[in-house]
$ cat coords_24.csv   # CSV, C-alpha atoms
chain,number,residue,atom,x,y,z
A,1,MET,CA,-0.5,-18.8,-11.5
A,2,ASP,CA,-0.1,-19.0,-7.7
A,3,PHE,CA,-3.3,-20.9,-6.9
A,4,TRP,CA,-2.5,-20.7,-3.2
A,5,LEU,CA,-2.7,-16.9,-3.4
A,6,LEU,CA,-5.8,-17.0,-5.6
A,7,GLY,CA,-7.5,-19.5,-3.2
A,8,CYS,CA,-6.8,-17.4,-0.1
A,9,ILE,CA,-8.2,-14.3,-1.8
A,10,LEU,CA,-11.4,-16.1,-2.9
A,11,VAL,CA,-11.9,-17.4,0.7
A,12,LEU,CA,-11.3,-13.9,2.1
A,13,ALA,CA,-13.8,-12.4,-0.4
A,14,GLY,CA,-16.3,-15.0,0.4
A,15,ILE,CA,-16.0,-14.3,4.2
A,16,GLY,CA,-16.2,-10.6,3.5
A,17,LEU,CA,-19.4,-10.9,1.4
A,18,THR,CA,-21.0,-13.1,4.0
A,19,MET,CA,-20.1,-10.6,6.8
A,20,VAL,CA,-21.5,-7.6,4.8
A,21,ALA,CA,-24.7,-9.5,4.4
A,22,SER,CA,-24.8,-10.3,8.1
A,23,SER,CA,-23.8,-6.9,9.5
A,24,SER,CA,-25.9,-4.7,7.2
A,25,ILE,CA,-29.3,-6.2,7.6
A,26,ALA,CA,-30.6,-3.8,10.2
A,27,ILE,CA,-29.2,-0.6,8.6
A,28,SER,CA,-30.3,-1.6,5.1
A,29,GLN,CA,-33.8,-2.2,6.4
A,30,GLU,CA,-33.9,1.1,8.1
A,31,ARG,CA,-32.4,3.2,5.3
A,32,PHE,CA,-33.8,1.4,2.2
A,33,ASP,CA,-36.6,-0.8,3.5
A,34,HIS,CA,-34.7,-3.8,2.1
A,35,PRO,CA,-32.4,-6.0,4.2
A,36,ASN,CA,-30.0,-6.9,1.4
A,37,HIS,CA,-29.3,-3.5,-0.2
A,38,TYR,CA,-25.6,-3.3,0.9
A,39,PHE,CA,-25.1,-7.0,0.3
A,40,MET,CA,-26.3,-6.7,-3.3
A,41,ARG,CA,-24.1,-3.6,-4.0
A,42,GLN,CA,-21.0,-5.4,-2.5
A,43,ALA,CA,-21.7,-8.5,-4.6
A,44,MET,CA,-21.9,-6.2,-7.7
A,45,ALA,CA,-18.7,-4.6,-6.8
A,46,MET,CA,-16.9,-7.9,-6.4
A,47,GLY,CA,-18.3,-9.2,-9.7
A,48,LEU,CA,-17.1,-6.0,-11.4
A,49,GLY,CA,-13.8,-6.3,-9.7
A,50,ALA,CA,-13.4,-9.8,-11.0
A,51,ILE,CA,-14.1,-8.6,-14.6
A,52,ILE,CA,-11.6,-5.7,-14.2
A,53,ALA,CA,-9.0,-8.0,-12.8
A,54,TYR,CA,-9.3,-10.4,-15.7
A,55,GLY,CA,-8.9,-7.5,-18.1
A,56,LEU,CA,-5.9,-6.1,-16.3
A,57,PHE,CA,-4.2,-9.5,-16.2
A,58,GLN,CA,-3.9,-9.4,-20.0
A,59,ILE,CA,-1.9,-6.2,-19.9
A,60,PRO,CA,1.9,-6.8,-20.1
A,61,LEU,CA,4.1,-5.3,-17.4
A,62,ALA,CA,6.0,-3.3,-20.0
A,63,THR,CA,2.8,-1.3,-20.6
A,64,TRP,CA,2.4,-0.4,-16.9
A,65,GLN,CA,6.1,0.5,-16.7
A,66,LYS,CA,5.9,2.7,-19.8
A,67,HIS,CA,2.8,4.6,-18.6
A,68,ARG,CA,3.5,4.8,-14.9
A,69,GLY,CA,4.0,8.6,-14.9
A,70,LYS,CA,0.7,9.2,-16.7
A,71,LEU,CA,-1.0,6.9,-14.2
A,72,PHE,CA,0.4,8.9,-11.3
A,73,LEU,CA,-0.6,12.3,-12.9
A,74,PHE,CA,-4.1,10.9,-13.5
A,75,ALA,CA,-4.3,10.0,-9.8
A,76,ILE,CA,-3.2,13.5,-8.9
A,77,ALA,CA,-5.9,15.0,-11.2
A,78,LEU,CA,-8.5,12.8,-9.4
A,79,LEU,CA,-7.4,14.2,-6.0
A,80,VAL,CA,-7.8,17.7,-7.4
A,81,ALA,CA,-11.2,16.8,-8.8
A,82,VAL,CA,-12.5,15.4,-5.5
A,83,LEU,CA,-11.7,18.7,-3.8
A,84,ILE,CA,-13.8,20.6,-6.3
A,85,PHE,CA,-16.6,18.2,-7.2
A,86,GLY,CA,-16.4,15.7,-4.4
A,87,ARG,CA,-19.2,14.6,-2.1
A,88,GLU,CA,-18.8,15.6,1.6
A,89,ILE,CA,-19.5,12.9,4.2
A,90,ASN,CA,-18.9,13.4,7.9
A,91,GLY,CA,-16.8,16.6,7.2
A,92,SER,CA,-14.5,15.0,4.6
A,93,LYS,CA,-14.5,15.3,0.8
A,94,ARG,CA,-13.2,11.9,-0.2
A,95,TRP,CA,-15.7,10.6,-2.8
A,96,LEU,CA,-16.4,11.5,-6.4
A,97,PRO,CA,-20.1,10.8,-7.2
A,98,LEU,CA,-20.4,8.6,-10.3
A,99,VAL,CA,-23.5,7.2,-11.9
A,100,VAL,CA,-23.6,3.9,-10.1
A,101,MET,CA,-21.3,4.5,-7.1
A,102,ASN,CA,-19.1,6.9,-5.1
A,103,PHE,CA,-15.5,6.5,-6.1
A,104,GLN,CA,-12.6,7.2,-3.7
A,105,PRO,CA,-9.6,8.6,-5.5
A,106,SER,CA,-7.3,7.9,-2.6
A,107,GLU,CA,-7.7,4.2,-3.2
A,108,PHE,CA,-6.7,4.6,-6.8
A,109,MET,CA,-3.7,6.7,-5.7
A,110,LYS,CA,-2.4,3.8,-3.6
A,111,MET,CA,-2.2,1.6,-6.7
A,112,ALA,CA,-0.7,4.4,-8.8
A,113,VAL,CA,2.0,4.9,-6.1
A,114,VAL,CA,2.9,1.2,-6.1
A,115,ILE,CA,3.4,1.2,-9.9
A,116,PHE,CA,5.1,4.6,-10.0
A,117,MET,CA,7.6,3.6,-7.3
A,118,ALA,CA,8.3,0.2,-8.9
A,119,GLY,CA,9.2,2.0,-12.1
A,120,TYR,CA,11.3,4.6,-10.3
A,121,LEU,CA,13.2,2.0,-8.3
A,122,ASP,CA,13.8,-0.2,-11.4
A,123,ARG,CA,15.3,2.7,-13.2
A,124,HIS,CA,17.3,4.2,-10.3
A,125,ALA,CA,18.1,1.1,-8.1
A,126,ASP,CA,21.8,1.8,-7.8
A,127,ALA,CA,21.3,5.5,-7.2
A,128,VAL,CA,18.8,4.9,-4.4
A,129,LYS,CA,21.4,2.7,-2.6
A,130,GLU,CA,24.2,5.3,-2.9
A,131,SER,CA,22.7,8.8,-3.2
A,132,MET,CA,20.5,10.6,-0.8
A,133,GLY,CA,19.4,12.9,-3.7
A,134,ALA,CA,17.7,9.9,-5.5
A,135,VAL,CA,15.5,9.5,-2.4
A,136,PHE,CA,14.8,13.2,-1.9
A,137,ARG,CA,13.9,13.6,-5.6
A,138,LEU,CA,10.6,11.9,-4.7
A,139,ALA,CA,9.7,14.7,-2.3
A,140,LEU,CA,8.1,16.9,-5.0
A,141,PRO,CA,5.5,14.5,-6.5
A,142,PHE,CA,4.7,12.8,-3.2
A,143,GLY,CA,4.7,16.0,-1.3
A,144,LEU,CA,2.0,17.3,-3.7
A,145,MET,CA,0.1,14.1,-3.3
A,146,ALA,CA,0.2,14.3,0.5
A,147,PHE,CA,-0.9,17.9,0.5
A,148,LEU,CA,-4.0,17.1,-1.6
A,149,LEU,CA,-4.9,14.1,0.6
A,150,LEU,CA,-4.6,16.2,3.8
A,151,LEU,CA,-6.9,18.8,2.3
A,152,GLU,CA,-9.7,16.2,2.1
A,153,PRO,CA,-8.7,15.3,4.9
A,154,ASP,CA,-7.6,11.7,4.7
A,155,TYR,CA,-4.8,11.1,7.2
A,156,GLY,CA,-5.2,7.3,7.1
A,157,SER,CA,-4.5,7.0,3.4
A,158,THR,CA,-1.6,9.5,3.7
A,159,PHE,CA,0.0,7.4,6.4
A,160,VAL,CA,-0.5,4.1,4.5
A,161,ILE,CA,1.0,5.5,1.3
A,162,ALA,CA,4.0,7.0,3.3
A,163,VAL,CA,4.7,3.6,4.8
A,164,MET,CA,4.3,1.9,1.4
A,165,ILE,CA,6.9,4.2,-0.1
A,166,THR,CA,9.3,3.8,2.8
A,167,GLY,CA,8.9,0.0,2.7
A,168,MET,CA,9.6,-0.2,-1.0
A,169,LEU,CA,12.6,2.0,-0.7
A,170,LEU,CA,14.0,-0.1,2.1
A,171,ILE,CA,13.4,-3.4,0.1
A,172,ALA,CA,15.2,-1.8,-2.9
A,173,GLY,CA,18.2,-1.2,-0.7
A,174,ALA,CA,18.0,2.4,0.4
A,175,PRO,CA,20.0,2.9,3.7
A,176,TRP,CA,18.0,3.6,6.9
A,177,ARG,CA,19.8,6.8,7.6
A,178,TYR,CA,18.1,8.5,4.6
A,179,PHE,CA,14.8,8.4,6.4
A,180,ALA,CA,15.9,10.3,9.5
A,181,PHE,CA,15.8,13.4,7.3
A,182,SER,CA,12.4,12.6,5.9
A,183,VAL,CA,10.3,10.6,8.4
A,184,VAL,CA,11.1,12.8,11.4
A,185,PRO,CA,9.8,16.0,9.8
A,186,ILE,CA,6.6,14.2,8.6
A,187,ILE,CA,6.0,12.9,12.1
A,188,ALA,CA,6.5,16.4,13.5
A,189,ILE,CA,4.0,17.9,11.0
A,190,LEU,CA,1.4,15.3,11.9
A,191,VAL,CA,1.8,15.9,15.6
A,192,PHE,CA,1.5,19.6,15.0
A,193,LEU,CA,-1.7,19.1,13.0
A,194,VAL,CA,-3.2,17.0,15.8
A,195,VAL,CA,-2.3,19.3,18.6
A,196,THR,CA,-3.6,22.4,16.8
A,197,SER,CA,-6.9,20.9,15.9
A,198,GLU,CA,-9.5,20.4,18.7
A,199,TYR,CA,-11.4,17.9,16.6
A,200,ARG,CA,-8.3,15.7,15.9
A,201,MET,CA,-7.1,16.1,19.5
A,202,ALA,CA,-10.5,14.9,20.7
A,203,ARG,CA,-10.3,11.8,18.5
A,204,VAL,CA,-6.9,11.0,20.0
A,205,THR,CA,-7.9,11.4,23.6
A,206,SER,CA,-11.1,9.4,23.0
A,207,PHE,CA,-9.1,6.6,21.5
A,208,LEU,CA,-6.8,6.6,24.6
A,209,ASP,CA,-9.7,6.2,27.0
A,210,PRO,CA,-13.1,5.8,25.3
A,211,TRP,CA,-14.8,5.0,28.6
A,212,GLN,CA,-14.5,8.6,29.7
A,213,ASP,CA,-17.3,9.5,27.4
A,214,PRO,CA,-18.9,6.2,26.4
A,215,PHE,CA,-22.1,7.8,25.0
A,216,GLY,CA,-20.3,10.7,23.3
A,217,LYS,CA,-16.9,10.9,21.6
A,218,GLY,CA,-16.0,7.3,22.7
A,219,TYR,CA,-19.3,5.8,21.7
A,220,GLN,CA,-18.2,4.1,18.5
A,221,LEU,CA,-15.1,2.5,20.0
A,222,THR,CA,-16.8,1.3,23.2
A,223,GLN,CA,-19.5,-0.4,21.1
A,224,ALA,CA,-16.8,-2.0,18.9
A,225,LEU,CA,-15.0,-3.3,22.0
A,226,ILE,CA,-18.3,-4.6,23.5
A,227,ALA,CA,-18.8,-6.5,20.2
A,228,SER,CA,-15.3,-7.9,20.1
A,229,GLY,CA,-15.4,-9.0,23.7
A,230,SER,CA,-18.9,-10.6,23.4
A,231,GLY,CA,-17.5,-13.1,20.9
A,232,GLU,CA,-15.4,-14.8,23.6
A,233,TRP,CA,-13.6,-17.9,22.3
A,234,PHE,CA,-16.0,-19.4,19.7
A,235,GLY,CA,-18.3,-16.5,18.9
A,236,ALA,CA,-22.1,-16.1,19.1
A,237,GLY,CA,-22.6,-17.6,15.7
A,238,LEU,CA,-23.1,-16.3,12.2
A,239,GLY,CA,-26.0,-13.8,12.2
A,240,ALA,CA,-26.3,-13.7,16.0
A,241,SER,CA,-24.5,-10.4,16.6
A,242,VAL,CA,-26.3,-7.9,18.8
A,243,GLN,CA,-24.2,-4.9,18.2
A,244,LYS,CA,-25.1,-4.8,14.5
A,245,LEU,CA,-28.7,-4.0,15.4
A,246,LEU,CA,-28.0,-0.3,15.1
A,247,TYR,CA,-25.8,-0.2,18.3
A,248,LEU,CA,-22.5,0.0,16.4
A,249,PRO,CA,-22.3,2.8,13.7
A,250,ASP,CA,-20.7,1.8,10.4
A,251,ALA,CA,-20.9,-1.9,11.4
A,252,HIS,CA,-20.7,-2.9,7.7
A,253,THR,CA,-17.8,-0.6,6.8
A,254,ASP,CA,-14.9,0.4,9.0
A,255,PHE,CA,-16.1,-1.7,12.0
A,256,LEU,CA,-17.0,-4.9,10.3
A,257,PHE,CA,-14.1,-6.6,12.0
A,258,SER,CA,-15.8,-6.1,15.4
A,259,ILE,CA,-19.0,-7.8,14.2
A,260,TYR,CA,-16.9,-10.6,12.8
A,261,ALA,CA,-15.2,-11.0,16.1
A,262,GLU,CA,-18.6,-11.1,17.9
A,263,GLU,CA,-20.0,-13.8,15.6
A,264,PHE,CA,-16.8,-16.0,15.2
A,265,GLY,CA,-14.9,-15.3,18.4
A,266,PHE,CA,-11.2,-15.5,19.2
A,267,PHE,CA,-10.5,-18.5,17.0
A,268,GLY,CA,-12.3,-16.9,14.1
A,269,VAL,CA,-10.2,-13.8,14.5
A,270,LEU,CA,-7.1,-15.9,14.6
A,271,PHE,CA,-8.1,-17.6,11.4
A,272,LEU,CA,-8.7,-14.3,9.7
A,273,ILE,CA,-5.3,-12.9,10.8
A,274,THR,CA,-3.6,-16.1,9.6
A,275,LEU,CA,-5.4,-15.7,6.2
A,276,TYR,CA,-4.0,-12.2,5.8
A,277,LEU,CA,-0.5,-13.3,6.8
A,278,VAL,CA,-0.6,-16.2,4.2
A,279,ILE,CA,-1.7,-13.7,1.5
A,280,THR,CA,1.1,-11.4,2.4
A,281,TYR,CA,3.6,-14.2,2.4
A,282,ARG,CA,2.4,-15.4,-1.1
A,283,LEU,CA,2.6,-11.8,-2.4
A,284,PHE,CA,6.2,-11.5,-1.1
A,285,ARG,CA,7.0,-14.9,-2.6
A,286,VAL,CA,5.8,-13.7,-6.0
A,287,GLY,CA,8.1,-10.7,-5.6
A,288,ARG,CA,11.1,-12.8,-4.7
A,289,LYS,CA,10.5,-15.1,-7.7
A,290,ALA,CA,10.2,-12.1,-9.9
A,291,GLU,CA,13.6,-10.8,-8.6
A,292,LEU,CA,15.2,-14.2,-9.4
A,293,ALA,CA,13.7,-14.0,-12.9
A,294,ASN,CA,15.2,-10.5,-13.3
A,295,HIS,CA,11.8,-8.7,-13.3
A,296,PHE,CA,12.7,-6.1,-10.7
A,297,PHE,CA,9.8,-3.8,-11.7
A,298,GLY,CA,7.3,-6.6,-11.2
A,299,ALA,CA,9.0,-7.7,-7.9
A,300,MET,CA,8.6,-4.2,-6.5
A,301,ILE,CA,4.9,-4.2,-7.5
A,302,ALA,CA,4.4,-7.4,-5.6
A,303,TYR,CA,6.2,-6.1,-2.5
A,304,GLY,CA,4.3,-2.9,-2.6
A,305,VAL,CA,0.9,-4.6,-2.9
A,306,GLY,CA,1.9,-6.9,0.0
A,307,ILE,CA,2.8,-4.0,2.2
A,308,TRP,CA,-0.5,-2.3,1.3
A,309,VAL,CA,-2.7,-5.3,2.1
A,310,ILE,CA,-1.1,-6.2,5.5
A,311,LEU,CA,-0.7,-2.6,6.6
A,312,GLN,CA,-4.3,-1.6,5.9
A,313,ALA,CA,-5.6,-4.9,7.5
A,314,ALA,CA,-3.5,-4.3,10.6
A,315,ILE,CA,-4.6,-0.7,11.0
A,316,ASN,CA,-8.3,-1.6,10.6
A,317,MET,CA,-8.1,-4.4,13.1
A,318,GLY,CA,-6.1,-2.1,15.5
A,319,VAL,CA,-8.8,0.6,15.2
A,320,ASN,CA,-11.5,-1.9,16.0
A,321,LEU,CA,-9.6,-3.2,19.1
A,322,GLY,CA,-8.7,0.3,20.3
A,323,ALA,CA,-5.0,0.1,19.5
A,324,PHE,CA,-5.1,3.0,17.0
A,325,PRO,CA,-7.1,6.2,16.6
A,326,THR,CA,-10.2,5.9,14.4
A,327,LYS,CA,-9.3,6.0,10.6
A,328,GLY,CA,-11.5,5.5,7.6
A,329,LEU,CA,-9.5,2.6,6.2
A,330,THR,CA,-11.3,-0.5,5.0
A,331,LEU,CA,-10.5,-4.1,5.9
A,332,PRO,CA,-9.2,-5.5,2.5
A,333,PHE,CA,-11.9,-7.6,0.7
A,334,MET,CA,-14.0,-7.6,3.9
A,335,SER,CA,-15.4,-4.1,4.6
A,336,TYR,CA,-18.3,-2.7,2.5
A,337,GLY,CA,-16.9,-0.3,-0.2
A,338,GLY,CA,-16.9,-0.5,-3.9
A,339,SER,CA,-13.7,1.6,-4.5
A,340,SER,CA,-11.7,-0.6,-2.1
A,341,VAL,CA,-12.8,-3.9,-3.7
A,342,LEU,CA,-12.2,-2.6,-7.2
A,343,LEU,CA,-8.7,-1.3,-6.5
A,344,PHE,CA,-7.6,-4.3,-4.5
A,345,SER,CA,-8.8,-6.5,-7.3
A,346,ALA,CA,-6.9,-4.4,-9.9
A,347,ALA,CA,-3.7,-4.4,-7.9
A,348,LEU,CA,-3.8,-8.2,-7.3
A,349,ALA,CA,-4.5,-8.7,-11.0
A,350,VAL,CA,-1.2,-6.9,-11.8
A,351,VAL,CA,0.6,-9.1,-9.2
A,352,PHE,CA,-0.8,-12.2,-10.9
A,353,ARG,CA,0.6,-10.8,-14.2
A,354,VAL,CA,4.0,-10.4,-12.4
A,355,ASP,CA,3.8,-14.1,-11.4
A,356,TYR,CA,2.8,-15.1,-14.9
A,357,GLU,CA,5.7,-13.3,-16.6
A,358,SER,CA,8.2,-14.5,-14.0
A,359,ARG,CA,7.3,-18.1,-14.7
A,360,PHE,CA,7.2,-18.0,-18.6
A,361,TYR,CA,9.2,-14.9,-19.6
A,362,PRO,CA,12.3,-14.6,-17.4
A,363,ALA,CA,14.5,-11.6,-18.4
A,364,GLU,CA,18.2,-11.3,-19.0
A,365,PRO,CA,20.2,-9.4,-16.3
A,366,LYS,CA,20.5,-5.7,-17.1
A,367,ALA,CA,23.9,-4.5,-18.2
A,368,PRO,CA,24.9,-1.0,-17.1
A,369,ASN,CA,24.3,1.6,-19.7
A,370,PHE,CA,27.0,4.2,-19.7
A,371,ASP,CA,25.2,6.4,-22.3
A,372,GLU,CA,22.2,7.3,-20.2
A,373,PRO,CA,22.6,10.7,-18.5
A,374,GLU,CA,21.0,9.6,-15.3
A,375,ASP,CA,23.6,6.9,-14.9
A,376,LYS,CA,26.6,9.1,-15.2
A,377,ASP,CA,26.7,9.9,-11.5
A,378,ASP,CA,27.0,6.2,-10.7
A,379,PHE,CA,30.1,5.5,-12.6
A,380,GLU,CA,33.6,6.9,-13.0
A,381,LEU,CA,33.8,8.3,-16.5
A,382,THR,CA,37.3,9.8,-16.5
A,383,PRO,CA,40.4,7.6,-16.7
A,384,PRO,CA,42.6,7.5,-13.6
A,385,VAL,CA,45.5,10.0,-13.5
A,386,PRO,CA,48.8,8.1,-13.6
A,387,PRO,CA,51.3,8.9,-10.8
A,388,ARG,CA,53.7,11.7,-11.6
A,389,ARG,CA,57.2,10.6,-12.6
A,390,ARG,CA,60.2,12.1,-10.9
A,391,ARG,CA,62.4,14.4,-13.1
A,392,GLY,CA,65.2,12.4,-14.7
A,393,SER,CA,63.7,9.0,-13.9
A,394,LYS,CA,63.3,6.5,-16.6
A,395,SER,CA,59.8,5.6,-17.8
A,396,LEU,CA,58.8,1.9,-17.3
A,397,SER,CA,57.4,-0.1,-20.0
A,398,ALA,CA,54.3,-2.3,-19.7
A,399,LYS,CA,56.6,-5.3,-19.5
A,400,ASP,CA,58.6,-3.8,-16.6
A,401,TYR,CA,55.3,-3.0,-14.7
A,402,LYS,CA,54.2,-6.6,-15.0
A,403,SER,CA,57.6,-7.9,-13.9
A,404,ARG,CA,57.6,-5.6,-10.8
A,405,ALA,CA,54.1,-6.5,-9.9
A,406,LYS,CA,54.9,-10.2,-10.1
A,407,ASN,CA,57.8,-9.7,-7.7
A,408,GLY,CA,55.7,-7.6,-5.3
A,409,VAL,CA,57.5,-4.3,-6.0
A,410,THR,CA,55.3,-1.2,-5.8
A,411,GLY,CA,55.9,2.4,-6.9
A,412,SER,CA,57.2,3.9,-10.1
$ encode --input "coords_24.csv" --output "structure tokens"
Amino acid sequence: MDFWLLGCILVLAGIGLTMVASSSIAISQERFDHPNHYFMRQAMAMGLGAIIAYGLFQIPLATWQKHRGKLFLFAIALLVAVLIFGREINGSKRWLPLVVMNFQPSEFMKMAVVIFMAGYLDRHADAVKESMGAVFRLALPFGLMAFLLLLEPDYGSTFVIAVMITGMLLIAGAPWRYFAFSVVPIIAILVFLVVTSEYRMARVTSFLDPWQDPFGKGYQLTQALIASGSGEWFGAGLGASVQKLLYLPDAHTDFLFSIYAEEFGFFGVLFLITLYLVITYRLFRVGRKAELANHFFGAMIAYGVGIWVILQAAINMGVNLGAFPTKGLTLPFMSYGGSSVLLFSAALAVVFRVDYESRFYPAEPKAPNFDEPEDKDDFELTPPVPPRRRRGSKSLSAKDYKSRAKNGVTGS
């Protein structure tokens, strides 16, 4: 397997577990009278994620490809279930209460979307490049998905999935002009939802200038900026953060990056960004090798997971630094959250399977199948009509046609 990718993920998970332990001491002590409560739960999630990843690595890609539709429908069912039975936290119903943890179906949907899109693009690659209808055909399933996510509401996950779908389509060869008819209306709808909601508008305005109300709507962001700035070049040192002492809310979840910046400084942040970029590069490298081995389905999975990892990491860091409005998106393998750890582990296990099959089981190039109904639009099935012969003219034999073509004579 790609040991560079595996090594980078293990380093990232180790840093994340260390930072959860460091940033959650105060809040764990206050809520559970035990300083290591969140650390122990995160360690359990990572251990369970490793077990799940090992199991999923054994599943052939053909199985994922065969059951991609069922996986997507199951994810839709979970989104419906969370609206009915979900646990509401801070005004959002995003979590299904299970026996040992709260499960976030939107994280599962991200993985389901990657596999579903990979299968769709593998089956309709040529149609996507040539027909706008092949792209618009995705509007129904993903429109339903977006509607359910917005009901929670979960705007961050909706945006991440939309970008993942767009990125995978572009990598598969879909022309840019197709997205002018799909992206612009989506942006208009999101802008409308922000403008018509006082709560969402307040979040946008507080993000633009959090210092207008530093002890109210802008409190969380101002504390995050104070933490990031306090780290300076080399940081205050591991465990020496001040903002984690109940000054910064959600210091172990969405704003873990700010505590990391405070304790490790600018160079620590630079190292973390480099680590995410290397992981993304290795994921795209696995995708490219899968393409060369004629595993287009696996290649699109690797590309989709790569987009997912780097996009969510960039958004989380941007939120912590005041570049984006506050969103409930975790920092991959860093922030506290069992659902995020489990689903990232599962997705990366599938990517490692892609790498494995690309190395040892290269496939033969696909030949066009003229018998499948979905391929009929991509080929000319009727023979060309021969040119009409003038009345009274003599028909030319095949030998005469060859002779005339050899001498550069055209016409009948």
$ residues_around --input "coords_24.csv" --residues "Tyr281 of chain A" --least-positions-apart "6" --cutoff "12 Å" --atoms "all atoms listed in the file" --output "list in words"
Asp2, Trp4, Leu5, Cys8, Thr274, Leu275, Gly287, Arg288, Ala302, Tyr303, Val305, Gly306, Ile307, Val309 and Ile310 of chain A
$ write_last_selection --input "coords_24.csv" --atoms "C-alpha atoms" --output "PDB file, keeping the file's coordinate frame"
ATOM      1  CA  ASP A   2      -0.100 -19.000  -7.700  1.00  0.00           C
ATOM      2  CA  TRP A   4      -2.500 -20.700  -3.200  1.00  0.00           C
ATOM      3  CA  LEU A   5      -2.700 -16.900  -3.400  1.00  0.00           C
ATOM      4  CA  CYS A   8      -6.800 -17.400  -0.100  1.00  0.00           C
ATOM      5  CA  THR A 274      -3.600 -16.100   9.600  1.00  0.00           C
ATOM      6  CA  LEU A 275      -5.400 -15.700   6.200  1.00  0.00           C
ATOM      7  CA  GLY A 287       8.100 -10.700  -5.600  1.00  0.00           C
ATOM      8  CA  ARG A 288      11.100 -12.800  -4.700  1.00  0.00           C
ATOM      9  CA  ALA A 302       4.400  -7.400  -5.600  1.00  0.00           C
ATOM     10  CA  TYR A 303       6.200  -6.100  -2.500  1.00  0.00           C
ATOM     11  CA  VAL A 305       0.900  -4.600  -2.900  1.00  0.00           C
ATOM     12  CA  GLY A 306       1.900  -6.900   0.000  1.00  0.00           C
ATOM     13  CA  ILE A 307       2.800  -4.000   2.200  1.00  0.00           C
ATOM     14  CA  VAL A 309      -2.700  -5.300   2.100  1.00  0.00           C
ATOM     15  CA  ILE A 310      -1.100  -6.200   5.500  1.00  0.00           C
TER      16      ILE A 310
END
$ closest_residue --input "coords_24.csv" --among "A:Phe296, A:Phe179, A:Tyr155, A:Phe284" --to "Ala139 of chain A" --atoms "all atoms listed in the file"
A:Phe179
$ closest_atom_pairs --input "coords_24.csv" --of "segment 245-349 of chain A" --to "segment 209-226 of chain A" --cutoff "12 Å" --atoms "all atoms listed in the file" --output "CSV"
residue,atom,partner,partner_atom,distance
A:Leu245,CA,A:Gln223,CA,11.4
A:Leu246,CA,A:Gln223,CA,10.4
A:Tyr247,CA,A:Gln223,CA,6.9
A:Leu248,CA,A:Gln223,CA,5.6
A:Pro249,CA,A:Gln220,CA,6.4
A:Asp250,CA,A:Gln220,CA,8.8
A:Ala251,CA,A:Ala224,CA,8.5
A:His252,CA,A:Ala224,CA,11.9
A:Asp254,CA,A:Ala224,CA,10.4
A:Phe255,CA,A:Ala224,CA,6.9
A:Leu256,CA,A:Ala224,CA,9.1
A:Phe257,CA,A:Ala224,CA,8.7
A:Ser258,CA,A:Ala224,CA,5.5
A:Ile259,CA,A:Ala224,CA,7.8
A:Tyr260,CA,A:Ala224,CA,10.5
A:Ala261,CA,A:Ala224,CA,9.6
A:Glu262,CA,A:Ile226,CA,8.6
A:Asn316,CA,A:Ala224,CA,11.9
A:Met317,CA,A:Ala224,CA,10.7
A:Gly318,CA,A:Leu221,CA,11.1
A:Val319,CA,A:Leu221,CA,8.1
A:Asn320,CA,A:Ala224,CA,6.0
A:Leu321,CA,A:Leu225,CA,6.1
A:Gly322,CA,A:Leu221,CA,6.8
A:Ala323,CA,A:Leu221,CA,10.4
A:Phe324,CA,A:Leu221,CA,10.5
A:Pro325,CA,A:Leu221,CA,9.4
A:Thr326,CA,A:Leu221,CA,8.2
A:Lys327,CA,A:Leu221,CA,11.6
$ residues_around --input "coords_24.csv" --residues "segment 82-90 of chain A" --least-positions-apart "2" --cutoff "9 Å" --atoms "all atoms listed in the file" --output "list in words"
Ala77, Leu78, Leu79, Val80, Ser92, Lys93, Arg94, Trp95, Leu96, Pro97, Asn102, Gln104, Pro105, Leu148, Leu151 and Glu152 of chain A
$ residues_around --input "coords_24.csv" --residues "Leu292 of chain A" --least-positions-apart "2" --cutoff "12 Å" --atoms "all atoms listed in the file" --output "PyMOL selection string"
chain A and resi 285-290+294-299+355+357-359+361-365
$ closest_atom_pairs --input "coords_24.csv" --of "segment 113-193 of chain A" --to "segment 61-76 of chain A" --cutoff "9 Å" --atoms "only C-alpha atoms" --output "CSV"
residue,atom,partner,partner_atom,distance
A:Val113,CA,A:Phe72,CA,6.8
A:Ile115,CA,A:Arg68,CA,6.2
A:Phe116,CA,A:Arg68,CA,5.2
A:Met117,CA,A:Arg68,CA,8.7
A:Ala118,CA,A:Gln65,CA,8.1
A:Gly119,CA,A:Gln65,CA,5.7
A:Pro141,CA,A:Phe72,CA,9.0
A:Leu144,CA,A:Ile76,CA,8.3
A:Met145,CA,A:Ile76,CA,6.5
A:Leu148,CA,A:Ile76,CA,8.2
$ atom_distance --input "coords_24.csv" --atom1 "atom CA of Phe264 of chain A" --atom2 "atom CA of Val20 of chain A"
14.2 Å
$ closest_atom_pairs --input "coords_24.csv" --of "segment 33-93 of chain A" --to "segment 11-16 of chain A" --cutoff "12 Å" --atoms "all atoms listed in the file" --output "CSV"
residue,atom,partner,partner_atom,distance
A:Phe39,CA,A:Gly16,CA,10.1
A:Gln42,CA,A:Gly16,CA,9.3
A:Ala43,CA,A:Ala13,CA,9.8
A:Ala45,CA,A:Ala13,CA,11.2
A:Met46,CA,A:Ala13,CA,8.1
A:Gly47,CA,A:Ala13,CA,10.8
A:Gly49,CA,A:Ala13,CA,11.1
A:Ala50,CA,A:Ala13,CA,10.9
$ write_last_selection --input "coords_24.csv" --atoms "C-alpha atoms" --output "short mmCIF file (atom, residue, chain, number, x, y, z; two decimals), keeping the file's coordinate frame"
data_model
loop_
_atom_site.label_atom_id
_atom_site.label_comp_id
_atom_site.auth_asym_id
_atom_site.auth_seq_id
_atom_site.Cartn_x
_atom_site.Cartn_y
_atom_site.Cartn_z
CA PHE A 39 -25.10 -7.00 0.30
CA GLN A 42 -21.00 -5.40 -2.50
CA ALA A 43 -21.70 -8.50 -4.60
CA ALA A 45 -18.70 -4.60 -6.80
CA MET A 46 -16.90 -7.90 -6.40
CA GLY A 47 -18.30 -9.20 -9.70
CA GLY A 49 -13.80 -6.30 -9.70
CA ALA A 50 -13.40 -9.80 -11.00
#
